[in-house]
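Structure file input_34.txt (compact mmCIF, C-alpha atoms) follows.
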# COMPACT_ATOMS: atom_id res chain seq x y z
CA MET A 1145 4.46 100.63 -20.41
CA SER A 1146 5.05 97.61 -22.62
CA THR A 1147 4.14 94.09 -21.64
CA ILE A 1148 5.94 90.91 -22.58
CA PRO A 1149 3.50 88.28 -23.88
CA LEU A 1150 3.70 84.98 -22.11
CA PRO A 1151 4.63 81.99 -24.26
CA PHE A 1152 1.69 79.84 -25.32
CA THR A 1153 1.82 76.35 -23.89
CA ALA A 1154 0.01 73.79 -26.02
CA PRO A 1155 -2.02 71.24 -24.11
CA ARG A 1156 -0.24 67.94 -23.60
CA ARG A 1157 -1.52 64.58 -22.52
CA ARG A 1158 0.00 62.82 -19.55
CA PRO A 1159 3.15 60.75 -20.26
CA PRO A 1160 2.84 56.95 -20.38
CA THR A 1161 2.91 55.25 -17.02
CA PRO A 1162 4.97 52.16 -16.15
CA GLY A 1163 1.73 50.20 -16.43
CA ASP A 1164 1.25 51.47 -20.00
CA GLN A 1165 4.79 50.43 -20.90
CA ARG A 1166 4.27 46.95 -19.42
CA THR A 1167 1.10 46.61 -21.46
CA ASP A 1168 3.00 47.55 -24.64
CA LEU A 1169 5.69 45.00 -23.82
CA TRP A 1170 3.11 42.23 -23.48
CA LEU A 1171 1.37 43.40 -26.65
CA SER A 1172 4.64 43.33 -28.58
CA GLY A 1173 5.53 39.86 -27.32
CA GLY A 1174 2.11 38.46 -28.10
CA LEU A 1175 2.09 39.87 -31.63
CA PHE A 1176 5.62 38.54 -32.22
CA VAL A 1177 4.54 35.01 -31.33
CA ALA A 1178 1.41 35.38 -33.48
CA ALA A 1179 3.48 36.67 -36.42
CA VAL A 1180 5.88 33.70 -36.19
CA VAL A 1181 3.00 31.22 -36.07
CA SER A 1182 1.22 33.00 -38.94
CA SER A 1183 4.38 32.92 -41.12
CA TRP A 1184 4.93 29.24 -40.35
CA LEU A 1185 1.36 28.33 -41.23
CA GLY A 1186 1.59 30.43 -44.40
CA GLN A 1187 4.66 28.50 -45.49
CA ILE A 1188 2.83 25.23 -44.92
CA ALA A 1189 -0.14 26.54 -46.91
CA GLY A 1190 2.24 27.61 -49.68
CA TYR A 1191 0.78 31.06 -50.27
CA PHE A 1192 3.50 32.08 -52.75
CA GLY A 1193 4.69 28.70 -53.96
CA GLU A 1194 8.33 28.61 -54.93
CA ASP A 1195 8.79 32.33 -54.09
CA THR A 1196 8.22 31.78 -50.36
CA PRO A 1197 11.30 32.91 -48.30
CA GLY A 1198 12.75 30.71 -45.61
CA LEU A 1199 11.69 30.70 -41.96
CA GLY A 1200 14.68 32.85 -40.99
CA TRP A 1201 13.39 35.73 -43.06
CA ALA A 1202 9.97 35.23 -41.53
CA LEU A 1203 11.46 35.49 -38.04
CA ALA A 1204 13.33 38.68 -38.97
CA TYR A 1205 10.12 40.14 -40.41
CA ALA A 1206 8.09 39.18 -37.33
CA ALA A 1207 10.63 40.87 -35.06
CA ALA A 1208 10.85 44.03 -37.19
CA VAL A 1209 7.09 44.49 -37.40
CA THR A 1210 6.19 43.72 -33.75
CA VAL A 1211 9.14 44.35 -31.38
CA PRO A 1212 9.16 48.18 -31.93
CA LEU A 1213 5.59 48.29 -30.57
CA ALA A 1214 7.07 47.84 -27.09
CA LEU A 1215 8.15 51.50 -27.34
CA ARG A 1216 5.15 52.79 -29.29
CA ARG A 1217 3.99 55.33 -26.65
CA ARG A 1218 7.46 56.72 -26.00
CA TYR A 1219 8.56 57.04 -29.67
CA PRO A 1220 5.35 56.81 -31.70
CA ALA A 1221 6.62 58.41 -34.93
CA THR A 1222 9.82 56.34 -35.06
CA VAL A 1223 7.93 53.13 -34.33
CA LEU A 1224 5.44 53.85 -37.14
CA VAL A 1225 8.21 54.41 -39.69
CA ILE A 1226 10.01 51.19 -38.69
CA VAL A 1227 6.82 49.10 -38.71
CA ALA A 1228 5.67 50.57 -42.05
CA ILE A 1229 9.02 49.85 -43.72
CA ALA A 1230 9.06 46.30 -42.33
CA TYR A 1231 5.49 45.70 -43.48
CA PHE A 1232 6.10 47.00 -47.01
CA ALA A 1233 9.26 44.89 -47.26
CA GLY A 1234 7.45 41.80 -46.02
CA VAL A 1235 4.65 42.16 -48.56
CA THR A 1236 7.09 42.94 -51.36
CA PHE A 1237 9.28 39.90 -50.67
CA HIS A 1238 6.32 37.57 -50.09
CA ILE A 1239 6.61 36.91 -46.35
CA THR A 1240 3.80 34.48 -45.66
CA ASP A 1241 2.32 36.37 -42.66
CA MET A 1242 -0.99 37.71 -43.99
CA TYR A 1243 -2.58 39.43 -40.98
CA ILE A 1244 -0.34 40.20 -37.98
CA GLY A 1245 1.68 42.79 -39.93
CA GLN A 1246 -1.56 44.61 -40.77
CA VAL A 1247 -2.56 44.63 -37.11
CA ALA A 1248 0.87 45.99 -36.10
CA LEU A 1249 0.75 48.73 -38.74
CA PHE A 1250 -2.76 49.75 -37.64
CA ILE A 1251 -1.64 49.97 -34.00
CA ALA A 1252 1.46 52.00 -34.90
CA LEU A 1253 -0.58 54.43 -37.04
CA TYR A 1254 -3.20 54.77 -34.30
CA THR A 1255 -0.52 55.39 -31.65
CA VAL A 1256 0.95 58.35 -33.55
CA GLY A 1257 -2.46 60.03 -33.52
CA ALA A 1258 -3.19 59.10 -29.92
CA TRP A 1259 0.13 59.85 -28.20
CA LEU A 1260 2.24 62.32 -30.20
CA ASP A 1261 1.85 65.80 -28.68
CA ASP A 1262 3.40 67.51 -31.72
CA ARG A 1263 0.21 67.44 -33.78
CA ARG A 1264 1.84 68.84 -36.91
CA ARG A 1265 4.47 66.12 -36.84
CA ALA A 1266 1.80 63.50 -36.17
CA THR A 1267 -0.16 64.61 -39.21
CA ILE A 1268 2.90 64.73 -41.50
CA VAL A 1269 4.17 61.28 -40.49
CA ARG A 1270 0.79 59.62 -40.90
CA VAL A 1271 0.02 61.32 -44.21
CA LEU A 1272 3.40 60.33 -45.62
CA VAL A 1273 2.88 56.69 -44.59
CA VAL A 1274 -0.61 56.64 -46.11
CA ILE A 1275 0.62 58.23 -49.35
CA ALA A 1276 3.47 55.72 -49.54
CA MET A 1277 1.01 52.91 -49.02
CA PHE A 1278 -1.30 54.03 -51.80
CA VAL A 1279 1.60 54.72 -54.18
CA TRP A 1280 2.85 51.22 -53.49
CA LEU A 1281 -0.68 49.86 -54.06
CA LEU A 1282 -0.95 51.70 -57.39
CA VAL A 1283 2.41 50.35 -58.49
CA THR A 1284 1.52 46.77 -57.63
CA THR A 1285 -1.88 47.19 -59.31
CA PHE A 1286 -0.24 48.48 -62.47
CA GLN A 1287 2.29 45.62 -62.43
CA ALA A 1288 -0.48 43.06 -62.05
CA ALA A 1289 -2.52 44.69 -64.81
CA VAL A 1290 0.32 44.54 -67.36
CA ASP A 1291 1.52 41.06 -66.32
CA PRO A 1292 1.60 39.03 -69.58
CA SER A 1293 0.93 35.73 -67.78
CA ASP A 1294 -2.53 34.23 -67.72
CA GLU A 1295 -2.45 33.50 -64.01
CA GLY A 1296 -4.77 35.28 -61.63
CA LEU A 1297 -8.14 36.89 -62.11
CA SER A 1298 -9.61 37.55 -65.54
CA ARG A 1299 -9.25 41.04 -66.99
CA ALA A 1300 -11.93 40.62 -69.60
CA GLY A 1301 -14.97 42.89 -69.70
CA ALA A 1302 -15.73 46.52 -68.93
CA PHE A 1303 -15.58 45.77 -65.22
CA SER A 1304 -13.54 42.63 -64.97
CA PRO A 1305 -13.07 40.43 -61.88
CA PHE A 1306 -9.55 41.84 -61.64
CA ALA A 1307 -10.88 45.43 -61.62
CA ALA A 1308 -13.47 44.51 -58.98
CA PHE A 1309 -10.75 42.95 -56.83
CA MET A 1310 -8.59 46.10 -57.11
CA VAL A 1311 -11.52 48.35 -56.15
CA ILE A 1312 -12.10 46.18 -53.08
CA GLN A 1313 -8.43 46.53 -52.17
CA PHE A 1314 -8.59 50.31 -52.40
CA MET A 1315 -11.82 50.47 -50.36
CA VAL A 1316 -10.40 48.23 -47.65
CA ASN A 1317 -7.22 50.31 -47.43
CA ILE A 1318 -9.17 53.56 -47.25
CA ALA A 1319 -11.23 52.18 -44.36
CA TYR A 1320 -8.13 50.71 -42.76
CA PHE A 1321 -5.99 53.88 -42.78
CA GLY A 1322 -8.92 56.23 -42.28
CA GLY A 1323 -10.05 54.28 -39.22
CA ALA A 1324 -6.55 54.29 -37.69
CA TYR A 1325 -6.22 58.04 -38.38
CA TYR A 1326 -9.62 58.95 -36.94
CA LEU A 1327 -9.42 56.72 -33.88
CA GLY A 1328 -5.96 58.07 -33.02
CA ASP A 1329 -7.11 61.69 -33.15
CA HIS A 1330 -10.24 60.85 -31.18
CA ALA A 1331 -8.20 59.08 -28.48
CA TYR A 1332 -5.83 62.07 -28.21
CA ALA A 1333 -8.73 64.52 -27.81
CA ALA A 1334 -10.33 62.26 -25.18
CA ALA A 1335 -7.02 62.04 -23.31
CA LEU A 1336 -6.67 65.85 -23.30
CA ALA A 1337 -10.22 66.23 -22.02
CA ARG A 1338 -9.55 63.66 -19.30
CA THR A 1339 -6.32 65.41 -18.30
CA ALA A 1340 -8.11 68.78 -18.19
CA LEU A 1341 -10.87 67.25 -16.06
CA GLU A 1342 -8.32 65.79 -13.64
CA GLU A 1343 -6.55 69.16 -13.37
CA ARG A 1344 -9.86 70.93 -12.84
CA THR A 1345 -10.84 68.40 -10.18
CA ALA A 1346 -7.52 68.95 -8.40
CA GLU A 1347 -8.00 72.72 -8.65
CA LEU A 1348 -11.52 72.46 -7.23
CA GLU A 1349 -10.16 70.34 -4.39
CA ARG A 1350 -7.53 72.99 -3.64
CA GLU A 1351 -10.21 75.70 -3.78
CA ARG A 1352 -12.42 73.65 -1.45
CA GLU A 1353 -9.59 73.32 1.05
CA LEU A 1354 -8.88 77.05 0.78
CA THR A 1355 -12.57 77.89 1.23
CA THR A 1356 -12.73 75.62 4.26
CA ALA A 1357 -9.67 77.30 5.76
CA GLN A 1358 -11.17 80.74 5.08
CA ALA A 1359 -14.46 79.69 6.67
CA VAL A 1360 -12.59 78.52 9.77
CA ALA A 1361 -10.67 81.81 9.90
CA LEU A 1362 -13.87 83.85 9.52
CA ASP A 1363 -15.54 81.81 12.22
CA ARG A 1364 -12.60 82.48 14.52
CA VAL A 1365 -12.91 86.21 13.80
CA ARG A 1366 -16.63 86.06 14.56
CA ILE A 1367 -16.01 84.24 17.84
CA ALA A 1368 -13.30 86.72 18.81
CA ARG A 1369 -15.60 89.63 17.97
CA GLU A 1370 -18.47 88.22 20.01
CA LEU A 1371 -16.23 87.51 22.99
CA HIS A 1372 -14.74 90.99 22.75
CA ASP A 1373 -18.20 92.58 22.71
CA VAL A 1374 -19.38 90.57 25.70
CA VAL A 1375 -16.25 90.85 27.82
CA ALA A 1376 -15.37 94.48 27.06
CA HIS A 1377 -18.86 95.77 27.76
CA HIS A 1378 -19.47 94.01 31.03
CA VAL A 1379 -15.91 94.15 32.35
CA SER A 1380 -15.80 97.91 31.78
CA ALA A 1381 -19.08 98.23 33.66
CA MET A 1382 -17.68 96.07 36.44
CA GLY A 1383 -14.62 98.35 36.62
CA VAL A 1384 -16.78 101.46 37.01
CA GLN A 1385 -18.94 99.79 39.66
CA ALA A 1386 -15.95 98.43 41.56
CA GLY A 1387 -14.32 101.90 41.54
CA ALA A 1388 -17.51 103.45 42.86
CA ALA A 1389 -17.72 100.83 45.61
CA ARG A 1390 -14.12 101.48 46.63
CA THR A 1391 -14.68 105.23 46.96
CA VAL A 1392 -17.78 104.91 49.15
CA LEU A 1393 -16.91 101.72 51.01
CA GLU A 1394 -16.06 103.41 54.34
CA ARG A 1395 -18.54 106.28 54.46
CA ASN A 1396 -21.53 104.60 52.73
CA PRO A 1397 -21.47 100.81 53.03
CA ASP A 1398 -25.00 100.48 51.59
CA ALA A 1399 -23.96 102.26 48.36
CA ALA A 1400 -20.82 100.13 48.16
CA ARG A 1401 -22.94 97.01 48.66
CA ALA A 1402 -25.26 98.10 45.83
CA ALA A 1403 -22.29 98.75 43.54
CA LEU A 1404 -20.83 95.33 44.31
CA THR A 1405 -24.22 93.79 43.61
CA GLY A 1406 -24.06 95.45 40.19
CA VAL A 1407 -20.57 93.98 39.68
CA GLU A 1408 -21.94 90.56 40.52
CA ALA A 1409 -24.88 90.98 38.14
CA SER A 1410 -22.63 92.14 35.31
CA ALA A 1411 -20.32 89.18 35.88
CA ARG A 1412 -23.24 86.75 35.82
CA TYR A 1413 -24.66 88.28 32.66
CA ALA A 1414 -21.27 88.15 30.92
CA LEU A 1415 -20.84 84.51 31.92
CA ASP A 1416 -24.34 83.68 30.68
CA GLU A 1417 -23.61 85.23 27.27
CA MET A 1418 -20.25 83.48 27.04
CA ARG A 1419 -21.87 80.17 27.99
CA HIS A 1420 -24.55 80.68 25.33
CA LEU A 1421 -21.89 81.40 22.72
CA LEU A 1422 -19.86 78.32 23.63
CA GLU A 1423 -22.97 76.12 23.58
CA THR A 1424 -23.75 77.42 20.11
CA LEU A 1425 -20.25 76.50 18.96
CA ARG A 1426 -20.39 73.02 20.49
CA THR A 1427 -23.85 72.11 19.14
CA PRO A 1428 -23.65 70.40 15.70
CA ASP A 1429 -27.08 71.67 14.61
CA ALA A 1430 -26.60 75.16 16.01
CA ASP A 1431 -28.07 78.17 14.27
CA ALA A 1432 -26.18 79.82 11.46
CA PRO A 1433 -23.43 82.31 12.32
CA GLY A 1434 -24.90 85.61 13.34
CA SER A 1435 -28.11 84.17 14.81
CA SER A 1436 -28.74 85.42 18.34
CA THR A 1437 -31.45 86.34 20.82
CA LEU A 1438 -30.24 89.96 20.72
CA HIS A 1439 -32.57 92.29 18.83
CA LEU A 1440 -33.18 96.02 18.52
CA SER A 1441 -35.98 95.58 21.04
CA ALA A 1442 -33.24 95.00 23.66
CA LEU A 1443 -31.72 98.48 23.13
CA PRO A 1444 -33.72 100.06 25.99
CA GLU A 1445 -32.22 97.50 28.40
CA LEU A 1446 -28.77 98.38 27.07
CA ILE A 1447 -29.48 102.09 27.66
CA ALA A 1448 -30.70 101.35 31.17
CA HIS A 1449 -27.56 99.34 31.87
CA ALA A 1450 -25.40 102.29 30.68
CA ASN A 1451 -27.33 104.70 32.91
CA ALA A 1452 -26.94 102.38 35.86
CA ASN A 1453 -23.20 102.17 35.34
CA GLY A 1454 -22.23 105.81 35.35
CA LEU A 1455 -22.94 106.90 31.74
CA PRO A 1456 -26.11 109.02 31.49
CA THR A 1457 -27.63 107.98 28.16
CA THR A 1458 -30.72 109.00 26.23
CA TYR A 1459 -32.52 106.90 23.63
CA THR A 1460 -34.61 108.19 20.72
CA VAL A 1461 -36.41 106.33 17.93
CA VAL A 1462 -37.11 108.34 14.76
CA GLY A 1463 -39.46 107.16 12.02
CA GLU A 1464 -41.86 104.25 11.70
CA PRO A 1465 -40.21 101.12 13.16
CA PHE A 1466 -40.05 97.93 11.10
CA GLU A 1467 -38.35 94.58 11.50
CA PRO A 1468 -35.05 94.21 9.62
CA THR A 1469 -33.40 90.83 9.40
CA GLU A 1470 -32.14 89.19 12.58
CA PHE A 1471 -28.57 89.45 11.30
CA VAL A 1472 -28.89 93.23 10.91
CA GLN A 1473 -30.49 93.56 14.35
CA VAL A 1474 -27.69 91.64 16.06
CA ASN A 1475 -25.01 93.73 14.34
CA LEU A 1476 -26.71 97.03 15.20
CA TYR A 1477 -27.12 95.96 18.82
CA ARG A 1478 -23.45 95.00 19.08
CA ILE A 1479 -22.33 98.28 17.49
CA ALA A 1480 -24.43 100.22 20.01
CA GLN A 1481 -23.04 98.12 22.85
CA GLU A 1482 -19.43 98.67 21.75
CA SER A 1483 -20.00 102.41 21.25
CA LEU A 1484 -21.40 102.83 24.77
CA THR A 1485 -18.55 100.74 26.17
CA ASN A 1486 -15.99 103.01 24.49
CA ALA A 1487 -17.85 106.13 25.68
CA ARG A 1488 -17.83 104.91 29.27
CA ARG A 1489 -14.19 103.81 29.06
CA HIS A 1490 -12.70 106.84 27.30
CA GLY A 1491 -15.17 109.71 27.82
CA GLY A 1492 -14.02 110.46 31.34
CA PRO A 1493 -16.02 111.80 34.30
CA GLY A 1494 -19.16 113.66 33.35
CA ALA A 1495 -19.47 112.09 29.90
CA THR A 1496 -22.98 111.54 28.54
CA ALA A 1497 -24.26 109.63 25.55
CA ASP A 1498 -27.17 109.81 23.15
CA VAL A 1499 -28.46 106.88 21.07
CA ARG A 1500 -30.68 107.53 18.06
CA LEU A 1501 -32.29 104.84 15.90
CA ARG A 1502 -33.68 106.18 12.62
CA TYR A 1503 -36.00 104.22 10.30
CA ASP A 1504 -35.97 105.56 6.72
CA HIS A 1505 -37.89 104.22 3.77
CA ASP A 1506 -34.85 102.33 2.44
CA ALA A 1507 -32.39 102.13 5.34
CA ILE A 1508 -31.96 101.94 9.05
CA GLU A 1509 -29.45 104.18 10.80
CA LEU A 1510 -27.95 103.95 14.27
CA GLU A 1511 -26.16 106.94 15.77
CA VAL A 1512 -24.32 106.90 19.10
CA ALA A 1513 -22.82 110.21 20.19
CA ASN A 1514 -21.10 110.98 23.46
CA THR A 1515 -19.56 113.98 25.15
CA GLY A 1516 -16.30 114.05 27.05
CA ARG A 1517 -12.75 113.62 25.94
CA VAL A 1518 -11.76 111.88 22.74
CA ARG A 1519 -9.14 109.14 22.77
CA LEU A 1520 -8.21 107.83 19.37
CA GLN A 1521 -6.39 104.52 19.06
CA HIS A 1522 -3.70 104.09 16.40
CA PRO A 1523 -3.97 101.57 15.03
CA ALA A 1524 -7.68 101.04 15.58
CA GLY A 1525 -8.52 98.65 18.39
CA LEU A 1526 -10.54 95.48 18.08
CA GLY A 1527 -13.72 97.34 18.98
CA LEU A 1528 -13.60 99.70 15.98
CA VAL A 1529 -12.46 96.88 13.70
CA GLY A 1530 -15.37 94.72 14.88
CA MET A 1531 -17.85 97.54 14.26
CA ARG A 1532 -16.54 98.04 10.71
CA GLU A 1533 -16.76 94.31 10.04
CA ARG A 1534 -20.34 94.17 11.31
CA ALA A 1535 -21.38 97.17 9.21
CA SER A 1536 -19.70 95.73 6.11
CA ALA A 1537 -21.20 92.27 6.67
CA SER A 1538 -24.66 93.86 6.81
CA GLY A 1539 -24.03 95.76 3.56
CA GLY A 1540 -23.84 99.14 5.28
CA THR A 1541 -21.36 101.93 5.96
CA LEU A 1542 -19.80 103.11 9.22
CA HIS A 1543 -18.58 106.55 10.17
CA VAL A 1544 -16.57 107.06 13.36
CA GLY A 1545 -14.69 110.11 14.57
CA PRO A 1546 -14.63 113.16 16.84
CA ARG A 1547 -17.55 115.58 16.73
CA PRO A 1548 -16.86 119.26 15.92
CA ARG A 1549 -18.47 120.38 19.19
CA GLY A 1550 -16.61 117.78 21.26
CA GLY A 1551 -17.01 114.15 22.03
CA PHE A 1552 -17.21 111.19 19.69
CA LEU A 1553 -19.70 109.99 17.08
CA VAL A 1554 -20.47 106.54 15.69
CA ARG A 1555 -22.96 106.35 12.84
CA VAL A 1556 -23.87 103.23 10.88
CA ARG A 1557 -26.33 103.15 8.00
CA ILE A 1558 -27.57 99.86 6.55
CA PRO A 1559 -29.79 99.64 3.46
CA VAL A 1560 -32.80 97.40 4.05
CA ALA A 1561 -35.82 96.28 2.10
CA VAL A 1562 -38.93 97.46 3.91
CA PRO A 1563 -41.77 94.95 3.64
CA VAL A 1564 -44.82 96.29 1.80
CA PRO A 1565 -48.04 96.03 3.87
CA ALA A 1566 -50.53 93.53 2.49
The structure given in the file should be rewritten as structure tokens.
Amino acid sequence: MSTIPLPFTAPRRRPPTPGDQRTDLWLSGGLFVAAVVSSWLGQIAGYFGEDTPGLGWALAYAAAVTVPLALRRRYPATVLVIVAIAYFAGVTFHITDMYIGQVALFIALYTVGAWLDDRRRATIVRVLVVIAMFVWLLVTTFQAAVDPSDEGLSRAGAFSPFAAFMVIQFMVNIAYFGGAYYLGDHAYAAALARTALEERTAELERERELTTAQAVALDRVRIARELHDVVAHHVSAMGVQAGAARTVLERNPDAARAALTGVEASARYALDEMRHLLETLRTPDADAPGSSTLHLSALPELIAHANANGLPTTYTVVGEPFEPTEFVQVNLYRIAQESLTNARRHGGPGATADVRLRYDHDAIELEVANTGRVRLQHPAGLGLVGMRERASASGGTLHVGPRPRGGFLVRVRIPVAVPVPA
């Protein structure tokens, strides 16, 4: 079977927000005013003498080099090309602004590196602008070097003042363009990392909400299982006792009274367990789920209760007893309780049961077998589902099914770590 590869999606930074665009608009306006003032002051200072263009050209230059920055995050490559062309033209035609154009070009070059998601295009555009700048610088240097006039710096000597000035120009431009290039790439990488962190935070928040919902659902299942164990066991016993009282009510009132006393006792015990469970749920600092006062030491009382309610039951302990965890003890007790409840409910008249608790060197095994008829539920009822959940939660396995010689068998085996005597 062939598989179709999924298309690779390159990471992208978040698009500019309205706040970012307002910031760019203010930046563009501020630089435009600064460029106009700088050009006006340059004309007064007479930087280029008679070659100085009029103020109209200075205004056009200021607009061309600063106004596009208002859209620098939306169209970074286009803005860089426009600003670079305007800057080169301004320097070539002796516009008297000396600094604001450099600031605008730096910002435009930085923006391409920081905001253009097409990294190949970002690299090509910036490299082409830098190459054009250095070609232009070489041309102007060559023109100044071959200028026959005597104006300007001296060219005399192996390393003349003119040569020193040109070296400074190249060093400044390398730092200028290299800084804009590096800072743009660094800002883009930081933005991607920030976006990834925000996505991961949102994902963790969704996972936390899902985990919380799952915990609530599991707690509901646990509550339902506990209520089922309590109610099913005692109500079934109450049914047997009430039936016995009905059959002997007229000919043996004392026996009927004793059976009704048993019904009353079972009802009180069931209410006490339900009250204990509800108090556990209502108490903020209640014990962890699964904690209970029920232990394997209470199995003899459970066997006695089964015998007293019409299900003759034997109890055998095999092996050297040890103390497993409280969680394991509660689950084994509940499995035994549910198994005896099912035996009494479905085994029919004359059914008997046998409970065996085996302690091995690496596991503890509970086996509840009963005689009588077998009644399988399809699908499995809550009792069998609860027993499987308890066995699985304890790390064990559960086997349930009819016995070959008749009756029903429930066997659960849970691996445990036996404490080594000191």
What is the distance between atom CA of Ala1230 of chain A and atom CA of Gly1163 of chain A, in Å to one decimal?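 Separating atom CA of Ala1230 of chain A from atom CA of Gly1163 of chain A is a distance of 27.2 Å.
Counting from atom CA of Val1271 of chain A, the distance to atom CA of Val1283 of chain A is 18.2 Å.
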Using only C-alpha atoms, pick whichever of A:His1449, A:Ser1410, A:Ser1441, A:Thr1515 has the shortest atom-to-atom distance to Leu1501 of chain A. A:Ser1441
Among listed residues A:Ser1183, A:Gly1540, A:Leu1553, A:Val1316, nearest Gly1491 of chain A (using only C-alpha atoms):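 Checking each candidate against Gly1491 of chain A, we get A:Leu1553 as the closest.
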Which residue out of A:Pro1546, A:Glu1533, A:Asp1506, A:Asp1168 has the minimum interatomic distance to Gly1463 of chain A when only C-alpha atoms are used? A:Asp1506
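Counting only C-alpha atoms, the residue from A:Ala1276, A:Arg1218, A:Ala1248, A:Asp1241 that sits nearest to Thr1161 of chain A is A:Arg1218.
The residue that comes closest to Arg1478 of chain A, out of A:Gly1383, A:Gly1200, A:Pro1397, A:Gly1527 and on the basis of all atoms listed in the file, is A:Gly1527.
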Dump as a PyMOL selection string all residues having an atom at most 12 Å from (2.7, 67.5, -24.5), computed in the file's coordinates with all atoms listed in the file. chain A and resi 1153-1160+1218+1258-1263+1332+1335-1336+1339
Minimum-distance residue to Gly1328 of chain A, chosen among A:Ile1229, A:Phe1250, A:Arg1401, A:Met1310 (using only C-alpha atoms): A:Phe1250
Please provide as a PyMOL selection string all residues within 7 Å of Ser1538 of chain A, with the sequence filter that same-chain residues fewer than 3 positions apart are discarded (counting all atoms listed in the file). chain A and resi 1472+1534-1535+1558
